[in-house]
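Q: Sharing protein02.cif below, mmCIF, C-alpha atoms:
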```
data_final
loop_
_atom_site.group_PDB
_atom_site.id
_atom_site.type_symbol
_atom_site.label_atom_id
_atom_site.label_comp_id
_atom_site.auth_asym_id
_atom_site.auth_seq_id
_atom_site.Cartn_x
_atom_site.Cartn_y
_atom_site.Cartn_z
ATOM 1 C CA MET A 29 96.750 92.725 93.171
ATOM 2 C CA THR A 30 96.535 95.884 91.126
ATOM 3 C CA PRO A 31 99.350 98.448 90.846
ATOM 4 C CA ALA A 32 97.212 100.917 92.835
ATOM 5 C CA GLU A 33 96.781 98.403 95.671
ATOM 6 C CA ILE A 34 100.528 97.771 95.723
ATOM 7 C CA ALA A 35 101.154 101.521 95.869
ATOM 8 C CA ASP A 36 98.657 101.851 98.749
ATOM 9 C CA LEU A 37 100.478 99.110 100.660
ATOM 10 C CA ALA A 38 103.793 100.890 100.150
ATOM 11 C CA HIS A 39 102.291 104.121 101.504
ATOM 12 C CA LEU A 40 100.746 102.286 104.449
ATOM 13 C CA ARG A 41 104.099 100.671 105.190
ATOM 14 C CA ARG A 42 105.737 104.109 105.205
ATOM 15 C CA ALA A 43 103.211 105.323 107.787
ATOM 16 C CA ARG A 44 103.631 102.172 109.882
ATOM 17 C CA ASP A 45 107.416 102.579 109.770
ATOM 18 C CA ARG A 46 106.999 106.148 111.001
ATOM 19 C CA MET A 47 104.893 104.917 113.917
ATOM 20 C CA ASP A 48 107.574 102.351 114.749
ATOM 21 C CA ARG A 49 110.329 104.955 114.569
ATOM 22 C CA ASP A 50 108.590 108.009 116.075
ATOM 23 C CA TYR A 51 106.280 106.276 118.579
ATOM 24 C CA ALA A 52 107.234 108.755 121.342
ATOM 25 C CA GLN A 53 106.252 111.781 119.226
ATOM 26 C CA PRO A 54 102.719 113.177 119.198
ATOM 27 C CA LEU A 55 101.210 111.267 116.275
ATOM 28 C CA ASP A 56 97.569 111.380 115.270
ATOM 29 C CA VAL A 57 95.640 109.843 112.401
ATOM 30 C CA PRO A 58 95.768 112.982 110.187
ATOM 31 C CA ALA A 59 99.571 113.160 110.548
ATOM 32 C CA MET A 60 99.971 109.462 109.763
ATOM 33 C CA ALA A 61 97.524 109.733 106.857
ATOM 34 C CA ALA A 62 99.603 112.571 105.407
ATOM 35 C CA VAL A 63 102.657 110.291 105.442
ATOM 36 C CA ALA A 64 100.609 107.685 103.561
ATOM 37 C CA LEU A 65 99.304 110.323 101.114
ATOM 38 C CA MET A 66 95.692 109.490 102.004
ATOM 39 C CA SER A 67 92.749 111.177 103.660
ATOM 40 C CA PRO A 68 92.421 110.265 107.365
ATOM 41 C CA ALA A 69 89.277 108.178 106.863
ATOM 42 C CA HIS A 70 90.662 106.324 103.847
ATOM 43 C CA PHE A 71 93.959 105.754 105.672
ATOM 44 C CA SER A 72 92.194 104.313 108.720
ATOM 45 C CA ARG A 73 90.137 101.912 106.601
ATOM 46 C CA LYS A 74 93.102 100.799 104.496
ATOM 47 C CA PHE A 75 95.396 100.430 107.527
ATOM 48 C CA ARG A 76 92.890 98.268 109.376
ATOM 49 C CA ALA A 77 92.325 96.127 106.296
ATOM 50 C CA ALA A 78 96.076 95.648 105.781
ATOM 51 C CA TYR A 79 97.226 95.179 109.391
ATOM 52 C CA GLY A 80 94.141 94.001 111.257
ATOM 53 C CA GLU A 81 93.971 96.920 113.703
ATOM 54 C CA THR A 82 93.402 100.643 113.636
ATOM 55 C CA PRO A 83 96.371 103.007 113.330
ATOM 56 C CA TYR A 84 95.872 104.264 116.891
ATOM 57 C CA SER A 85 95.682 100.726 118.214
ATOM 58 C CA TYR A 86 98.897 99.824 116.382
ATOM 59 C CA LEU A 87 100.661 102.912 117.749
ATOM 60 C CA MET A 88 99.564 102.171 121.312
ATOM 61 C CA THR A 89 100.726 98.571 120.991
ATOM 62 C CA ARG A 90 104.168 99.832 119.915
ATOM 63 C CA ARG A 91 104.216 102.297 122.815
ATOM 64 C CA ILE A 92 103.298 99.579 125.305
ATOM 65 C CA GLU A 93 105.940 97.298 123.806
ATOM 66 C CA ARG A 94 108.588 99.978 124.411
ATOM 67 C CA ALA A 95 107.146 100.727 127.858
ATOM 68 C CA LYS A 96 107.563 97.089 128.856
ATOM 69 C CA ALA A 97 111.265 97.257 127.982
ATOM 70 C CA LEU A 98 111.736 100.453 130.019
ATOM 71 C CA LEU A 99 109.855 99.041 133.000
ATOM 72 C CA ARG A 100 111.995 95.874 132.905
ATOM 73 C CA ARG A 101 115.043 98.148 133.252
ATOM 74 C CA GLY A 102 113.536 99.716 136.378
ATOM 75 C CA MET A 103 112.303 103.070 135.034
ATOM 76 C CA SER A 104 109.428 104.552 137.031
ATOM 77 C CA VAL A 105 105.917 104.238 135.647
ATOM 78 C CA SER A 106 105.434 107.994 135.245
ATOM 79 C CA ASP A 107 108.810 108.441 133.511
ATOM 80 C CA THR A 108 108.010 105.489 131.252
ATOM 81 C CA CYS A 109 104.631 106.992 130.401
ATOM 82 C CA MET A 110 106.234 110.215 129.232
ATOM 83 C CA ALA A 111 109.156 108.472 127.502
ATOM 84 C CA VAL A 112 106.851 106.518 125.200
ATOM 85 C CA GLY A 113 104.781 109.540 124.203
ATOM 86 C CA CYS A 114 101.742 109.218 126.436
ATOM 87 C CA THR A 115 100.596 112.399 128.143
ATOM 88 C CA SER A 116 98.125 110.942 130.645
ATOM 89 C CA LEU A 117 99.350 108.523 133.303
ATOM 90 C CA GLY A 118 95.799 107.273 133.844
ATOM 91 C CA SER A 119 95.214 106.516 130.158
ATOM 92 C CA PHE A 120 98.648 104.911 129.870
ATOM 93 C CA SER A 121 98.028 102.681 132.893
ATOM 94 C CA SER A 122 94.574 101.699 131.659
ATOM 95 C CA ARG A 123 95.823 100.820 128.180
ATOM 96 C CA PHE A 124 98.886 99.002 129.569
ATOM 97 C CA THR A 125 96.674 96.909 131.850
ATOM 98 C CA GLU A 126 94.250 96.194 128.993
ATOM 99 C CA ILE A 127 97.008 94.990 126.671
ATOM 100 C CA VAL A 128 99.454 93.315 129.072
ATOM 101 C CA GLY A 129 97.007 92.032 131.678
ATOM 102 C CA VAL A 130 98.731 93.581 134.716
ATOM 103 C CA THR A 131 99.307 97.139 135.876
ATOM 104 C CA PRO A 132 102.571 98.851 134.910
ATOM 105 C CA SER A 133 103.666 98.873 138.574
ATOM 106 C CA ARG A 134 103.079 95.152 138.952
ATOM 107 C CA TYR A 135 104.853 94.460 135.655
ATOM 108 C CA ARG A 136 107.831 96.544 136.826
ATOM 109 C CA ARG A 137 108.057 94.582 140.110
ATOM 110 C CA ARG A 138 108.125 91.205 138.345
ATOM 111 C CA ASP A 139 111.357 89.259 138.071
ATOM 112 C CA HIS A 140 112.603 89.642 134.490
ATOM 113 C CA SER A 141 115.998 88.005 135.024
ATOM 114 C CA HIS A 142 115.042 85.100 132.750
ATOM 115 C CA LEU A 143 115.168 87.549 129.812
ATOM 116 C CA GLU A 144 118.766 88.628 130.535
ATOM 117 C CA VAL A 145 120.241 85.555 128.824
ATOM 118 C CA VAL A 146 118.022 85.903 125.772
ATOM 119 C CA PRO A 147 119.226 88.021 122.812
ATOM 120 C CA SER A 148 117.362 91.328 122.705
ATOM 121 C CA CYS A 149 115.771 90.621 119.307
ATOM 122 C CA VAL A 150 114.292 87.361 120.632
ATOM 123 C CA ALA A 151 113.224 88.953 123.931
ATOM 124 C CA ARG A 152 111.519 91.764 121.998
ATOM 125 C CA ALA A 153 109.554 89.285 119.900
ATOM 126 C CA GLY A 154 108.692 87.123 122.904
ATOM 127 C CA THR A 155 107.487 90.026 125.028
ATOM 128 C CA ARG A 156 105.598 91.865 122.267
ATOM 129 C CA PRO A 157 102.091 92.716 123.483
ATOM 130 C CA ARG A 158 99.384 90.588 121.928
ATOM 131 C CA ARG A 159 95.989 92.164 121.409
ATOM 132 C CA SER A 160 92.890 90.078 121.667
ATOM 133 C CA THR A 161 90.390 90.500 118.854
ATOM 134 C CA ALA A 162 87.895 91.923 121.359
ATOM 135 C CA ALA A 163 90.301 94.773 122.237
ATOM 136 C CA VAL A 164 90.757 95.908 118.615
#
```
What is this structure when it is put down as structure tokens?
A:
Amino acid sequence: MTPAEIADLAHLRRARDRMDRDYAQPLDVPAMAAVALMSPAHFSRKFRAAYGETPYSYLMTRRIERAKALLRRGMSVSDTCMAVGCTSLGSFSSRFTEIVGVTPSRYRRRDHSHLEVVPSCVARAGTRPRRSTAAV
């Protein structure tokens, strides 16, 4: 790996860390590319090559991951949608259903008591949304 490739990975990691930290903020590819010190197109290509999904797809997966935690605590679907940075309830519900396999309302109604005895770091890893390769 060349020094330039290592530097690119460090910049990509900085942008990914920002998505993890600021997932509820309005983030778009140009803003994330600026964090990575790359043009938007170059950033998108490099991000997908490094992490296996587009920046937007990664951000939505993080948002859905956080939404699942809020829904398990009993927050309403519309409040959850806004809390994770989505502005359209319809788009949020569609993406949630696509990634999780059930609607946000149905997920919220499920019994999640089996996760109460599990440490939060383990529960977070075990409930992390998994994207199929067809959805990426």
Q: As a ChimeraX atom specification, please: the residues near Lys96 in chain A (cut-off 12 Å, only C-alpha atoms, same-chain neighbours under 3 positions excluded).
A: /A:89-93,99-105,108-109,111-112,120-121,124-125,127-128,130-138,140,151-152,154-157
Q: Give me the residues within 10 Å of range 35-37 of chain A as number ranges by chain, counting all atoms listed in the file and dropping any in the same chain fewer than 5 places off.
A: A: 30, 42-43, 64-66, 71, 74-75, 78
Q: Deliver the residues from the most recent selection as a file, using C-alpha atoms, as a compact mmCIF listing (two decimals), in the frame of the given file.
A:
```
# COMPACT_ATOMS: atom_id res chain seq x y z
CA THR A 30 96.54 95.88 91.13
CA ARG A 42 105.74 104.11 105.20
CA ALA A 43 103.21 105.32 107.79
CA ALA A 64 100.61 107.68 103.56
CA LEU A 65 99.30 110.32 101.11
CA MET A 66 95.69 109.49 102.00
CA PHE A 71 93.96 105.75 105.67
CA LYS A 74 93.10 100.80 104.50
CA PHE A 75 95.40 100.43 107.53
CA ALA A 78 96.08 95.65 105.78
```
Q: Using all atoms listed in the file, find the one residue out of A:Met60, A:Tyr84, A:Tyr51, A:His142 that sits nearest to His39 in chain A.
A: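 Smallest distance to His39 in chain A is found for A:Met60.
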Q: To one decimal place, how far is CA of Pro83 in chain A from CA of Ala32 in chain A in Å?
A: 20.6 Å
Q: Please indicate the distance in Å from CA of Ala97 in chain A to CA of Glu81 in chain A, rounded to one decimal place.
A: 22.4 Å
Q: Run the PyMOL selection byres ((chain A and resi 54) around 10) against the file shown and list the residues it catches, as a list in words.
A: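 For this structure, the PyMOL selection byres ((chain A and resi 54) around 10) resolves to Asp50, Tyr51, Ala52, Gln53, Leu55, Asp56, Ala59, Val112, Gly113, Cys114 and Thr115 of chain A.
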Q: Smallest atom-to-atom distance to Glu126 in chain A: which of A:Met88, A:Arg41, A:Met29, A:Ala77, using all atoms listed in the file?
A: A:Met88
Q: Counting all atoms listed in the file, figure out which residue out of A:Met47, A:Ala95, A:Leu40, A:Pro58 gets nearest to Tyr79 in chain A.
A: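 Closest residue, counting all atoms listed in the file: A:Leu40.
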Q: Take CA of Asp48 in chain A and CA of Tyr86 in chain A and report the distance between them in Å, one decimal.
A: 9.2 Å
Q: Which one is closest to Ala61 in chain A: A:Arg49, A:Arg94, A:Arg44, A:Arg123? Count only C-alpha atoms.
A: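 Ranking A:Arg49, A:Arg94, A:Arg44, A:Arg123 by distance to Ala61 in chain A, first place goes to A:Arg44.
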